[in-house]
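Enquirer: I'd like to ask you about the structure that follows.
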Amino acid sequence: GFKIIIGRSASDNDYVTIRLANGNDGWLHVRDYPGSHAIIRAEKGREITPTAWKEAAELCAALSKAPDLAKVDVIYTYKKFVSKPRNAKAGSVLVAGGKNIVVKKDVAANKAWRESHFSDDFSCN
């Protein structure tokens with residue numbers, strides 16, 4: 001039911017987070033490891049469900065540099081609480097607040113989900 005958009009590089013993360021995301025879109029990133037920023041497109045009048053947050057967190061974990069099969073902390077919040085510091089390197093953001101969800105980085109299990117849900121037609125170039 002929700003569209004999840006993922007950056008695949010630091011410049012993609014900037015584009016997804018700073019230019020593409022709206023204030024009420026969900027925003028996620030793995031804590032303490034390099035990896036993808038994800039946004040969940042907010043639909044007017046509809047709350048982002050716990051299932052959507054969890055699935056987006058699992059995608060972030062799968063696409064991160066965290067060790068395989070590790071339990072991974074993923075910070076999540078709304079884009080309106082995420083900003084880019086002036087002159088910061090690509091992919092760097094500041095997050096005001098945010099909550100934490102713990103997911104397991106299970107690349108094999110996540111691959112099947114991505115094949116049925118994930119479109120690779122998005123490009124920031």
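Every chain in the structure tokens takes a letter, A first, then B, and so on in the order presented; its residues are numbered from 1, and the ligands are numbered from 1 following the presented order.
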Set the distance at 9 Å and use only C-alpha atoms: which residues neighbour Thr77 in chain A once local chain neighbours fewer than 5 positions away are removed? I'd like the list as a ChimeraX atom specification.

Expert: /A:25-28,82,95-100

Enquirer: With a distance cut-off of 9 Å and only C-alpha atoms, select the neighbouring residues of Leu94 in chain A, excluding the residue or stretch itself and same-chain residues fewer than 2 positions from it, and output the selection as a ChimeraX atom specification.

Expert: /A:81-85,92,96

Enquirer: For the residues in that selection, give me N, CA, C and O atoms as a short mmCIF file (atom, residue, chain, number, x, y, z; two decimals), in the first residue's frame.

Expert:
data_model
loop_
_atom_site.label_atom_id
_atom_site.label_comp_id
_atom_site.auth_asym_id
_atom_site.auth_seq_id
_atom_site.Cartn_x
_atom_site.Cartn_y
_atom_site.Cartn_z
N PHE A 81 11.77 16.31 10.10
CA PHE A 81 12.73 16.35 11.20
C PHE A 81 14.16 16.03 10.75
O PHE A 81 15.05 15.80 11.56
N VAL A 82 14.37 16.00 9.43
CA VAL A 82 15.67 15.69 8.85
C VAL A 82 16.13 16.89 8.03
O VAL A 82 15.37 17.43 7.23
N SER A 83 17.38 17.30 8.23
CA SER A 83 17.92 18.43 7.47
C SER A 83 19.36 18.13 7.07
O SER A 83 20.02 17.27 7.64
N LYS A 84 19.81 18.87 6.08
CA LYS A 84 21.19 18.73 5.62
C LYS A 84 21.98 19.94 6.07
O LYS A 84 21.63 21.08 5.73
N PRO A 85 23.06 19.74 6.82
CA PRO A 85 23.89 20.88 7.23
C PRO A 85 24.54 21.53 6.01
O PRO A 85 24.88 20.86 5.03
N SER A 92 25.08 13.11 4.18
CA SER A 92 25.09 13.51 5.59
C SER A 92 23.85 14.33 5.92
O SER A 92 23.51 15.25 5.19
N ALA A 96 16.49 15.39 13.99
CA ALA A 96 15.98 15.90 15.26
C ALA A 96 15.00 14.87 15.81
O ALA A 96 13.91 14.69 15.28
#

Enquirer: Can you list, as a VMD selection string, every protein, DNA or RNA residue that comes within 9 Å of Asn22 in chain A when you count only C-alpha atoms, leaving out same-chain residues fewer than 3 positions away?

Expert: chain A and resid 17 to 19 25 to 26 41 to 42 78 to 80

Enquirer: Under the rule that only C-alpha atoms are counted, which of A:Ala90, A:Ile75, A:Asn110, A:Val103 is the nearest residue to Val30 in chain A?

Expert: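 Nearest candidate to Val30 in chain A out of A:Ala90, A:Ile75, A:Asn110, A:Val103: A:Ile75.
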
Enquirer: So, with only C-alpha atoms as the atoms that count, which of A:Leu69, A:Leu63, A:Val93, A:Ile6 lies closest to Ile40 in chain A?

Expert: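 When distances to Ile40 in chain A are compared using only C-alpha atoms, the smallest one comes from A:Ile6.
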
Enquirer: What separation in Å, quoted to one decimal, exists between CA of His37 in chain A and CA of Asn24 in chain A?

Expert: 15.4 Å

Enquirer: Would you mind listing what lies within 8 Å of Arg31 in chain A as a ChimeraX atom specification, with only C-alpha atoms counted and same-chain residues fewer than 4 positions away left out?

Expert: /A:72-75

Enquirer: Please write the residues from the selection above to a file, keeping N, CA and C atoms, as a PDB file, in the first residue's frame.

Expert:
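Output (result_23.pdb):
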ATOM      1  N   VAL A  72      20.129  -4.974  13.550  1.00  0.00           N
ATOM      2  CA  VAL A  72      20.517  -3.641  13.126  1.00  0.00           C
ATOM      3  C   VAL A  72      19.505  -2.623  13.658  1.00  0.00           C
ATOM      4  N   ASP A  73      20.019  -1.527  14.218  1.00  0.00           N
ATOM      5  CA  ASP A  73      19.167  -0.417  14.640  1.00  0.00           C
ATOM      6  C   ASP A  73      18.909   0.482  13.440  1.00  0.00           C
ATOM      7  N   VAL A  74      17.656   0.781  13.205  1.00  0.00           N
ATOM      8  CA  VAL A  74      17.275   1.690  12.128  1.00  0.00           C
ATOM      9  C   VAL A  74      16.526   2.854  12.762  1.00  0.00           C
ATOM     10  N   ILE A  75      17.006   4.060  12.507  1.00  0.00           N
ATOM     11  CA  ILE A  75      16.317   5.251  12.999  1.00  0.00           C
ATOM     12  C   ILE A  75      15.223   5.613  12.000  1.00  0.00           C
TER      13      ILE A  75
END

Enquirer: Extract, using only C-alpha atoms, all DNA, RNA and protein residues at most 10 Å from Ser9 in chain A, discarding same-chain residues fewer than 5 positions from it, and format them as a list in words.

Expert: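 Here the qualifying residues turn out to be Asp14, Tyr15, Pro34, Gly35, Ser36, His37, Ala90, Gly91 and Cys124 of chain A.
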
Enquirer: Can you tell me, as a ChimeraX atom specification, which residues in range 57-112 of chain A count as alpha helix (DSSP H) by DSSP?

Expert: /A:57-62,107-112

Enquirer: Selection from above, all heavy atoms, as a PDB file, in the first residue's frame, can you write it?

Expert:
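Writing the result to selection-v7.pdb gives the following:
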ATOM      1  N   ALA A  57      12.480  -0.436   7.043  1.00  0.00           N
ATOM      2  CA  ALA A  57      13.656  -0.658   7.898  1.00  0.00           C
ATOM      3  C   ALA A  57      14.424  -1.892   7.449  1.00  0.00           C
ATOM      4  O   ALA A  57      15.662  -1.890   7.420  1.00  0.00           O
ATOM      5  CB  ALA A  57      13.227  -0.786   9.356  1.00  0.00           C
ATOM      6  N   GLU A  58      13.713  -2.948   7.087  1.00  0.00           N
ATOM      7  CA  GLU A  58      14.381  -4.166   6.608  1.00  0.00           C
ATOM      8  C   GLU A  58      15.106  -3.912   5.290  1.00  0.00           C
ATOM      9  O   GLU A  58      16.190  -4.447   5.060  1.00  0.00           O
ATOM     10  CB  GLU A  58      13.362  -5.295   6.481  1.00  0.00           C
ATOM     11  CG  GLU A  58      12.905  -5.806   7.833  1.00  0.00           C
ATOM     12  CD  GLU A  58      11.738  -6.771   7.777  1.00  0.00           C
ATOM     13  OE1 GLU A  58      11.048  -6.844   6.722  1.00  0.00           O
ATOM     14  OE2 GLU A  58      11.497  -7.447   8.797  1.00  0.00           O
ATOM     15  N   LEU A  59      14.531  -3.086   4.417  1.00  0.00           N
ATOM     16  CA  LEU A  59      15.210  -2.716   3.170  1.00  0.00           C
ATOM     17  C   LEU A  59      16.484  -1.935   3.470  1.00  0.00           C
ATOM     18  O   LEU A  59      17.536  -2.196   2.878  1.00  0.00           O
ATOM     19  CB  LEU A  59      14.293  -1.881   2.283  1.00  0.00           C
ATOM     20  CG  LEU A  59      13.215  -2.631   1.529  1.00  0.00           C
ATOM     21  CD1 LEU A  59      12.220  -1.653   0.929  1.00  0.00           C
ATOM     22  CD2 LEU A  59      13.835  -3.497   0.450  1.00  0.00           C
ATOM     23  N   CYS A  60      16.394  -0.974   4.384  1.00  0.00           N
ATOM     24  CA  CYS A  60      17.585  -0.197   4.763  1.00  0.00           C
ATOM     25  C   CYS A  60      18.676  -1.129   5.287  1.00  0.00           C
ATOM     26  O   CYS A  60      19.847  -0.989   4.932  1.00  0.00           O
ATOM     27  CB  CYS A  60      17.240   0.831   5.837  1.00  0.00           C
ATOM     28  SG  CYS A  60      16.459   2.300   5.200  1.00  0.00           S
ATOM     29  N   ALA A  61      18.292  -2.054   6.146  1.00  0.00           N
ATOM     30  CA  ALA A  61      19.269  -2.995   6.707  1.00  0.00           C
ATOM     31  C   ALA A  61      19.901  -3.840   5.608  1.00  0.00           C
ATOM     32  O   ALA A  61      21.121  -4.016   5.567  1.00  0.00           O
ATOM     33  CB  ALA A  61      18.608  -3.882   7.756  1.00  0.00           C
ATOM     34  N   ALA A  62      19.075  -4.371   4.702  1.00  0.00           N
ATOM     35  CA  ALA A  62      19.579  -5.230   3.633  1.00  0.00           C
ATOM     36  C   ALA A  62      20.539  -4.501   2.712  1.00  0.00           C
ATOM     37  O   ALA A  62      21.475  -5.095   2.180  1.00  0.00           O
ATOM     38  CB  ALA A  62      18.415  -5.804   2.827  1.00  0.00           C
ATOM     39  N   VAL A 107      19.750 -10.785   4.123  1.00  0.00           N
ATOM     40  CA  VAL A 107      19.765 -10.461   2.706  1.00  0.00           C
ATOM     41  C   VAL A 107      18.968 -11.482   1.890  1.00  0.00           C
ATOM     42  O   VAL A 107      18.211 -11.121   1.000  1.00  0.00           O
ATOM     43  CB  VAL A 107      21.214 -10.339   2.174  1.00  0.00           C
ATOM     44  CG1 VAL A 107      21.243 -10.139   0.670  1.00  0.00           C
ATOM     45  CG2 VAL A 107      21.920  -9.194   2.878  1.00  0.00           C
ATOM     46  N   ALA A 108      19.098 -12.766   2.218  1.00  0.00           N
ATOM     47  CA  ALA A 108      18.398 -13.800   1.452  1.00  0.00           C
ATOM     48  C   ALA A 108      16.884 -13.655   1.574  1.00  0.00           C
ATOM     49  O   ALA A 108      16.162 -13.710   0.579  1.00  0.00           O
ATOM     50  CB  ALA A 108      18.842 -15.186   1.912  1.00  0.00           C
ATOM     51  N   ALA A 109      16.390 -13.466   2.789  1.00  0.00           N
ATOM     52  CA  ALA A 109      14.943 -13.317   2.989  1.00  0.00           C
ATOM     53  C   ALA A 109      14.441 -12.030   2.352  1.00  0.00           C
ATOM     54  O   ALA A 109      13.337 -11.985   1.799  1.00  0.00           O
ATOM     55  CB  ALA A 109      14.611 -13.347   4.475  1.00  0.00           C
ATOM     56  N   ASN A 110      15.250 -10.988   2.406  1.00  0.00           N
ATOM     57  CA  ASN A 110      14.837  -9.702   1.872  1.00  0.00           C
ATOM     58  C   ASN A 110      14.825  -9.697   0.348  1.00  0.00           C
ATOM     59  O   ASN A 110      14.049  -8.969  -0.264  1.00  0.00           O
ATOM     60  CB  ASN A 110      15.757  -8.613   2.415  1.00  0.00           C
ATOM     61  CG  ASN A 110      15.242  -7.246   2.105  1.00  0.00           C
ATOM     62  OD1 ASN A 110      15.600  -6.674   1.086  1.00  0.00           O
ATOM     63  ND2 ASN A 110      14.388  -6.735   2.974  1.00  0.00           N
ATOM     64  N   LYS A 111      15.654 -10.524  -0.277  1.00  0.00           N
ATOM     65  CA  LYS A 111      15.736 -10.559  -1.738  1.00  0.00           C
ATOM     66  C   LYS A 111      14.394 -10.931  -2.368  1.00  0.00           C
ATOM     67  O   LYS A 111      13.957 -10.300  -3.323  1.00  0.00           O
ATOM     68  CB  LYS A 111      16.810 -11.534  -2.193  1.00  0.00           C
ATOM     69  CG  LYS A 111      16.995 -11.559  -3.695  1.00  0.00           C
ATOM     70  CD  LYS A 111      18.084 -12.496  -4.126  1.00  0.00           C
ATOM     71  CE  LYS A 111      18.198 -12.460  -5.638  1.00  0.00           C
ATOM     72  NZ  LYS A 111      18.991 -13.523  -6.165  1.00  0.00           N
ATOM     73  N   ALA A 112      13.727 -11.941  -1.830  1.00  0.00           N
ATOM     74  CA  ALA A 112      12.427 -12.354  -2.374  1.00  0.00           C
ATOM     75  C   ALA A 112      11.400 -11.234  -2.236  1.00  0.00           C
ATOM     76  O   ALA A 112      10.610 -10.987  -3.146  1.00  0.00           O
ATOM     77  CB  ALA A 112      11.943 -13.614  -1.667  1.00  0.00           C
TER      78      ALA A 112
END

Enquirer: Could you find all residues in chain A that DSSP calls strand (DSSP E or B) from the backbone, and write them as an mmCIF file with C-alpha atoms, in the first residue's frame?

Expert:
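New file states_28.cif:
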data_model
loop_
_atom_site.group_PDB
_atom_site.id
_atom_site.type_symbol
_atom_site.label_atom_id
_atom_site.label_comp_id
_atom_site.auth_asym_id
_atom_site.auth_seq_id
_atom_site.Cartn_x
_atom_site.Cartn_y
_atom_site.Cartn_z
ATOM 1 C CA ILE A 4 9.135 3.086 -0.492
ATOM 2 C CA ILE A 5 11.954 4.911 -2.274
ATOM 3 C CA ILE A 6 15.571 4.015 -1.520
ATOM 4 C CA GLY A 26 8.631 8.737 6.485
ATOM 5 C CA TRP A 27 12.440 8.720 6.564
ATOM 6 C CA LEU A 28 14.762 5.884 7.649
ATOM 7 C CA HIS A 29 18.474 5.050 7.850
ATOM 8 C CA VAL A 30 20.545 2.354 9.558
ATOM 9 C CA ALA A 38 14.649 5.388 2.552
ATOM 10 C CA ILE A 39 11.466 7.371 2.376
ATOM 11 C CA ILE A 40 7.914 6.157 2.645
ATOM 12 C CA GLU A 43 -0.631 9.653 1.475
ATOM 13 C CA ARG A 46 -3.359 8.115 5.904
ATOM 14 C CA LYS A 71 20.487 -7.172 14.459
ATOM 15 C CA VAL A 72 20.517 -3.641 13.126
ATOM 16 C CA ASP A 73 19.167 -0.417 14.640
ATOM 17 C CA VAL A 74 17.275 1.690 12.128
ATOM 18 C CA ILE A 75 16.317 5.251 12.999
ATOM 19 C CA TYR A 76 12.985 6.399 11.654
ATOM 20 C CA THR A 77 11.096 9.666 11.711
ATOM 21 C CA TYR A 78 9.333 12.045 9.358
ATOM 22 C CA VAL A 82 15.674 15.688 8.845
ATOM 23 C CA SER A 83 17.922 18.429 7.469
ATOM 24 C CA LEU A 94 20.962 15.869 10.916
ATOM 25 C CA VAL A 95 17.995 14.159 12.544
ATOM 26 C CA LYS A 99 12.615 6.490 17.001
ATOM 27 C CA ASN A 100 14.474 3.220 16.717
ATOM 28 C CA ILE A 101 13.413 -0.111 15.267
ATOM 29 C CA VAL A 102 15.579 -3.228 15.454
ATOM 30 C CA VAL A 103 15.544 -5.555 12.462
ATOM 31 C CA LYS A 104 17.702 -8.442 11.336
#

Enquirer: Work out how far CA of Tyr33 in chain A is from CA of Phe2 in chain A, in Å to one decimal.

Expert: 25.4 Å
